[in-house]
file structure34.pdb (PDB, C-alpha atoms)
ATOM      1  CA  MET A1210      73.381 -37.564  47.859  1.00  0.00           C
ATOM      2  CA  PRO A1211      76.388 -36.156  49.752  1.00  0.00           C
ATOM      3  CA  ILE A1212      78.846 -33.894  47.987  1.00  0.00           C
ATOM      4  CA  VAL A1213      82.484 -34.976  48.024  1.00  0.00           C
ATOM      5  CA  ILE A1214      85.039 -32.176  47.903  1.00  0.00           C
ATOM      6  CA  THR A1215      88.735 -32.808  47.396  1.00  0.00           C
ATOM      7  CA  LEU A1216      90.971 -30.431  49.339  1.00  0.00           C
ATOM      8  CA  SER A1217      94.680 -29.857  49.010  1.00  0.00           C
ATOM      9  CA  PRO A1218      96.634 -31.362  51.900  1.00  0.00           C
ATOM     10  CA  GLU A1219      97.443 -27.847  53.147  1.00  0.00           C
ATOM     11  CA  LEU A1220      93.805 -26.735  53.135  1.00  0.00           C
ATOM     12  CA  GLU A1221      92.675 -29.962  54.773  1.00  0.00           C
ATOM     13  CA  ALA A1222      95.263 -29.444  57.522  1.00  0.00           C
ATOM     14  CA  LEU A1223      94.027 -25.900  58.109  1.00  0.00           C
ATOM     15  CA  LEU A1224      90.426 -27.093  58.275  1.00  0.00           C
ATOM     16  CA  ARG A1225      91.248 -29.921  60.664  1.00  0.00           C
ATOM     17  CA  ASP A1226      93.283 -27.549  62.833  1.00  0.00           C
ATOM     18  CA  LYS A1227      90.401 -25.055  62.990  1.00  0.00           C
ATOM     19  CA  ALA A1228      87.963 -27.822  63.904  1.00  0.00           C
ATOM     20  CA  ALA A1229      90.301 -29.092  66.628  1.00  0.00           C
ATOM     21  CA  ARG A1230      90.737 -25.593  68.078  1.00  0.00           C
ATOM     22  CA  GLN A1231      86.960 -25.181  68.191  1.00  0.00           C
ATOM     23  CA  GLY A1232      86.384 -28.677  69.505  1.00  0.00           C
ATOM     24  CA  GLN A1233      83.965 -29.370  66.661  1.00  0.00           C
ATOM     25  CA  ASP A1234      83.576 -31.977  63.956  1.00  0.00           C
ATOM     26  CA  VAL A1235      85.482 -31.077  60.812  1.00  0.00           C
ATOM     27  CA  SER A1236      82.340 -31.517  58.666  1.00  0.00           C
ATOM     28  CA  LEU A1237      80.415 -29.044  60.813  1.00  0.00           C
ATOM     29  CA  VAL A1238      83.226 -26.477  60.618  1.00  0.00           C
ATOM     30  CA  ALA A1239      83.464 -26.890  56.831  1.00  0.00           C
ATOM     31  CA  SER A1240      79.694 -26.507  56.487  1.00  0.00           C
ATOM     32  CA  GLU A1241      79.667 -23.351  58.625  1.00  0.00           C
ATOM     33  CA  LEU A1242      82.534 -21.841  56.637  1.00  0.00           C
ATOM     34  CA  LEU A1243      80.823 -22.547  53.321  1.00  0.00           C
ATOM     35  CA  THR A1244      77.544 -21.131  54.611  1.00  0.00           C
ATOM     36  CA  ASN A1245      79.263 -17.924  55.736  1.00  0.00           C
ATOM     37  CA  VAL A1246      81.074 -17.466  52.426  1.00  0.00           C
ATOM     38  CA  LEU A1247      77.951 -18.111  50.354  1.00  0.00           C
ATOM     39  CA  GLU A1248      75.869 -15.711  52.474  1.00  0.00           C
ATOM     40  CA  TRP A1249      78.604 -13.064  52.199  1.00  0.00           C
ATOM     41  CA  GLU A1250      78.692 -13.502  48.432  1.00  0.00           C
ATOM     42  CA  VAL A1251      74.936 -12.952  48.135  1.00  0.00           C
ATOM     43  CA  GLN A1252      75.123  -9.849  50.338  1.00  0.00           C
ATOM     44  CA  GLU A1253      78.032  -8.420  48.330  1.00  0.00           C
ATOM     45  CA  SER A1254      76.148  -8.999  45.065  1.00  0.00           C
ATOM     46  CA  GLU A1255      73.041  -7.289  46.408  1.00  0.00           C
ATOM     47  CA  GLU A1256      75.082  -4.311  47.630  1.00  0.00           C
ATOM     48  CA  ALA A1257      76.853  -4.038  44.269  1.00  0.00           C
ATOM     49  CA  ILE A1258      73.541  -4.062  42.402  1.00  0.00           C
ATOM     50  CA  LYS A1259      72.140  -1.368  44.725  1.00  0.00           C
ATOM     51  CA  GLY A1260      75.250   0.761  44.164  1.00  0.00           C
ATOM     52  CA  ILE A1261      75.029   0.413  40.400  1.00  0.00           C
ATOM     53  CA  GLN A1262      71.328   1.259  40.460  1.00  0.00           C
ATOM     54  CA  GLN A1263      72.036   4.330  42.614  1.00  0.00           C
ATOM     55  CA  GLY A1264      74.651   5.456  40.089  1.00  0.00           C
ATOM     56  CA  LEU A1265      72.214   5.004  37.210  1.00  0.00           C
ATOM     57  CA  ASP A1266      69.500   6.885  39.107  1.00  0.00           C
ATOM     58  CA  ASP A1267      71.939   9.711  39.866  1.00  0.00           C
ATOM     59  CA  PHE A1268      72.976   9.888  36.221  1.00  0.00           C
ATOM     60  CA  GLU A1269      69.369  10.022  35.015  1.00  0.00           C
ATOM     61  CA  ALA A1270      68.650  12.789  37.545  1.00  0.00           C
ATOM     62  CA  GLY A1271      71.647  14.799  36.326  1.00  0.00           C
ATOM     63  CA  ARG A1272      73.732  14.198  39.428  1.00  0.00           C
ATOM     64  CA  PHE A1273      77.082  13.454  37.817  1.00  0.00           C
ATOM     65  CA  ARG A1274      80.356  15.115  36.875  1.00  0.00           C
ATOM     66  CA  SER A1275      82.707  14.849  33.980  1.00  0.00           C
ATOM     67  CA  PHE A1276      85.791  12.697  34.015  1.00  0.00           C
ATOM     68  CA  HIS A1277      87.861  15.878  33.882  1.00  0.00           C
ATOM     69  CA  GLU A1278      86.268  17.108  37.134  1.00  0.00           C
ATOM     70  CA  PHE A1279      86.798  13.725  38.758  1.00  0.00           C
ATOM     71  CA  ALA A1280      90.445  13.601  37.645  1.00  0.00           C
ATOM     72  CA  GLN A1281      91.092  17.109  38.998  1.00  0.00           C
ATOM     73  CA  GLU A1282      89.596  16.154  42.349  1.00  0.00           C
ATOM     74  CA  GLN A1283      91.764  13.029  42.550  1.00  0.00           C
ATOM     75  CA  ARG A1284      94.889  15.031  41.690  1.00  0.00           C
ATOM     76  CA  ARG A1285      94.120  17.490  44.489  1.00  0.00           C
ATOM     77  CA  LYS A1286      93.179  14.747  46.927  1.00  0.00           C
ATOM     78  CA  TYR A1287      96.347  12.720  46.332  1.00  0.00           C
ATOM     79  CA  ASN A1288      98.647  15.673  45.568  1.00  0.00           C
ATOM     80  CA  LEU A1289      99.383  14.443  42.056  1.00  0.00           C
ATOM     81  CA  PRO A1290     100.928  16.570  39.294  1.00  0.00           C
ATOM     82  CA  ALA A1291      98.533  18.058  36.756  1.00  0.00           C
ATOM     83  CA  ASP A1292      99.941  15.949  33.905  1.00  0.00           C
ATOM     84  CA  SER A1293      99.233  12.596  35.565  1.00  0.00           C
TER
END
call {"tool": "encode", "arguments": {"input": "structure34.pdb", "output": "structure tokens"}}
result
Amino acid sequence: MPIVITLSPELEALLRDKAARQGQDVSLVASELLTNVLEWEVQESEEAIKGIQQGLDDFEAGRFRSFHEFAQEQRRKYNLPADS
């Protein structure tokens, strides 16, 4: 069963314009765009989970610093006053 998606007139115009510039069918362009976005989303989620796991592993191994140390580093890095 095909999926029907309702687009705003502005978005439909952008999609049709992109398809015309590429010389491709609008349905093919829409499908490729959705595929790319969905694949990107999966990749971003996987990278976020890996980053969180790395942080947890570092914490469990004692590789962490206090918020005070972090705040001092950020103040030095961005030349912020000590009371910020």
call {"tool": "residues_around", "arguments": {"input": "structure34.pdb", "residues": "His1277 (chain A)", "least_positions_apart": "5", "cutoff": "12 Å", "atoms": "all atoms listed in the file", "output": "PDB file with C-alpha atoms, in the frame of the given file"}}
result
ATOM      1  CA  GLU A1282      89.596  16.154  42.349  1.00  0.00           C
ATOM      2  CA  GLN A1283      91.764  13.029  42.550  1.00  0.00           C
ATOM      3  CA  ARG A1284      94.889  15.031  41.690  1.00  0.00           C
ATOM      4  CA  ALA A1291      98.533  18.058  36.756  1.00  0.00           C
ATOM      5  CA  SER A1293      99.233  12.596  35.565  1.00  0.00           C
TER       6      SER A1293
END
call {"tool": "atom_distance", "arguments": {"input": "structure34.pdb", "atom1": "CA of Asn1245 (chain A)", "atom2": "CA of Ile1261 (chain A)"}}
result
24.3 Å
call {"tool": "atom_distance", "arguments": {"input": "structure34.pdb", "atom1": "CA of Arg1225 (chain A)", "atom2": "CA of Leu1242 (chain A)"}}
result
12.5 Å
call {"tool": "atom_distance", "arguments": {"input": "structure34.pdb", "atom1": "CA of Gln1263 (chain A)", "atom2": "CA of Asn1288 (chain A)"}}
result
29.1 Å
call {"tool": "build_atoms", "arguments": {"input": "structure34.pdb", "residues": "region 1268-1279 of chain A", "atoms": "all heavy atoms", "output": "compact mmCIF listing (two decimals), in the frame of the given file"}}
result
# COMPACT_ATOMS: atom_id res chain seq x y z
N PHE A 1268 72.69 9.43 37.58
CA PHE A 1268 72.98 9.89 36.22
C PHE A 1268 71.71 10.40 35.54
O PHE A 1268 71.70 11.47 34.94
CB PHE A 1268 73.62 8.76 35.40
CG PHE A 1268 74.00 9.18 34.02
CD1 PHE A 1268 75.17 9.91 33.82
CD2 PHE A 1268 73.21 8.86 32.93
CE1 PHE A 1268 75.54 10.31 32.54
CE2 PHE A 1268 73.57 9.26 31.65
CZ PHE A 1268 74.73 9.98 31.46
N GLU A 1269 70.63 9.62 35.65
CA GLU A 1269 69.37 10.02 35.02
C GLU A 1269 68.83 11.32 35.61
O GLU A 1269 68.17 12.09 34.92
CB GLU A 1269 68.34 8.91 35.14
CG GLU A 1269 68.64 7.72 34.25
CD GLU A 1269 67.64 6.59 34.42
OE1 GLU A 1269 66.62 6.78 35.10
OE2 GLU A 1269 67.89 5.52 33.84
N ALA A 1270 69.13 11.57 36.88
CA ALA A 1270 68.65 12.79 37.54
C ALA A 1270 69.62 13.96 37.35
O ALA A 1270 69.40 15.04 37.88
CB ALA A 1270 68.46 12.52 39.04
N GLY A 1271 70.70 13.73 36.60
CA GLY A 1271 71.65 14.80 36.33
C GLY A 1271 72.68 15.01 37.42
O GLY A 1271 73.39 16.01 37.41
N ARG A 1272 72.75 14.08 38.35
CA ARG A 1272 73.73 14.20 39.43
C ARG A 1272 74.99 13.43 39.03
O ARG A 1272 75.17 12.28 39.40
CB ARG A 1272 73.15 13.66 40.73
CG ARG A 1272 71.98 14.44 41.26
CD ARG A 1272 71.52 13.92 42.61
NE ARG A 1272 71.08 12.53 42.57
CZ ARG A 1272 69.83 12.11 42.39
NH1 ARG A 1272 68.86 12.99 42.23
NH2 ARG A 1272 69.55 10.82 42.38
N PHE A 1273 75.83 14.07 38.25
CA PHE A 1273 77.08 13.45 37.82
C PHE A 1273 78.07 14.55 37.48
O PHE A 1273 77.71 15.73 37.44
CB PHE A 1273 76.87 12.52 36.63
CG PHE A 1273 76.38 13.22 35.39
CD1 PHE A 1273 77.26 13.71 34.46
CD2 PHE A 1273 75.02 13.37 35.16
CE1 PHE A 1273 76.80 14.35 33.31
CE2 PHE A 1273 74.55 14.01 34.03
CZ PHE A 1273 75.45 14.50 33.10
N ARG A 1274 79.32 14.17 37.26
CA ARG A 1274 80.36 15.12 36.88
C ARG A 1274 81.19 14.50 35.76
O ARG A 1274 81.19 13.28 35.57
CB ARG A 1274 81.21 15.50 38.06
CG ARG A 1274 81.87 14.32 38.71
CD ARG A 1274 82.46 14.70 40.04
NE ARG A 1274 82.75 13.46 40.75
CZ ARG A 1274 83.67 13.35 41.65
NH1 ARG A 1274 84.40 14.39 41.97
NH2 ARG A 1274 83.89 12.21 42.25
N SER A 1275 81.89 15.33 35.09
CA SER A 1275 82.71 14.85 33.98
C SER A 1275 83.94 14.13 34.51
O SER A 1275 84.33 14.30 35.67
CB SER A 1275 83.16 16.03 33.11
OG SER A 1275 84.12 16.81 33.81
N PHE A 1276 84.55 13.36 33.63
CA PHE A 1276 85.79 12.70 34.02
C PHE A 1276 86.86 13.73 34.36
O PHE A 1276 87.64 13.53 35.29
CB PHE A 1276 86.30 11.76 32.91
CG PHE A 1276 87.62 11.15 33.25
CD1 PHE A 1276 87.70 10.10 34.15
CD2 PHE A 1276 88.80 11.66 32.73
CE1 PHE A 1276 88.92 9.54 34.51
CE2 PHE A 1276 90.03 11.12 33.08
CZ PHE A 1276 90.09 10.05 33.97
N HIS A 1277 86.89 14.82 33.62
CA HIS A 1277 87.86 15.88 33.88
C HIS A 1277 87.73 16.40 35.31
O HIS A 1277 88.73 16.57 36.02
CB HIS A 1277 87.69 17.01 32.87
CG HIS A 1277 88.63 18.15 33.07
ND1 HIS A 1277 89.97 18.08 32.77
CD2 HIS A 1277 88.42 19.40 33.56
CE1 HIS A 1277 90.54 19.22 33.08
NE2 HIS A 1277 89.62 20.05 33.55
N GLU A 1278 86.50 16.65 35.76
CA GLU A 1278 86.27 17.11 37.13
C GLU A 1278 86.72 16.05 38.15
O GLU A 1278 87.35 16.38 39.16
CB GLU A 1278 84.79 17.43 37.35
CG GLU A 1278 84.30 18.64 36.57
CD GLU A 1278 82.80 18.77 36.59
OE1 GLU A 1278 82.10 17.73 36.51
OE2 GLU A 1278 82.32 19.91 36.69
N PHE A 1279 86.39 14.82 37.88
CA PHE A 1279 86.80 13.72 38.76
C PHE A 1279 88.32 13.64 38.84
O PHE A 1279 88.90 13.52 39.92
CB PHE A 1279 86.21 12.40 38.27
CG PHE A 1279 86.77 11.20 38.96
CD1 PHE A 1279 86.35 10.85 40.23
CD2 PHE A 1279 87.75 10.42 38.34
CE1 PHE A 1279 86.88 9.74 40.89
CE2 PHE A 1279 88.28 9.31 38.98
CZ PHE A 1279 87.85 8.97 40.26
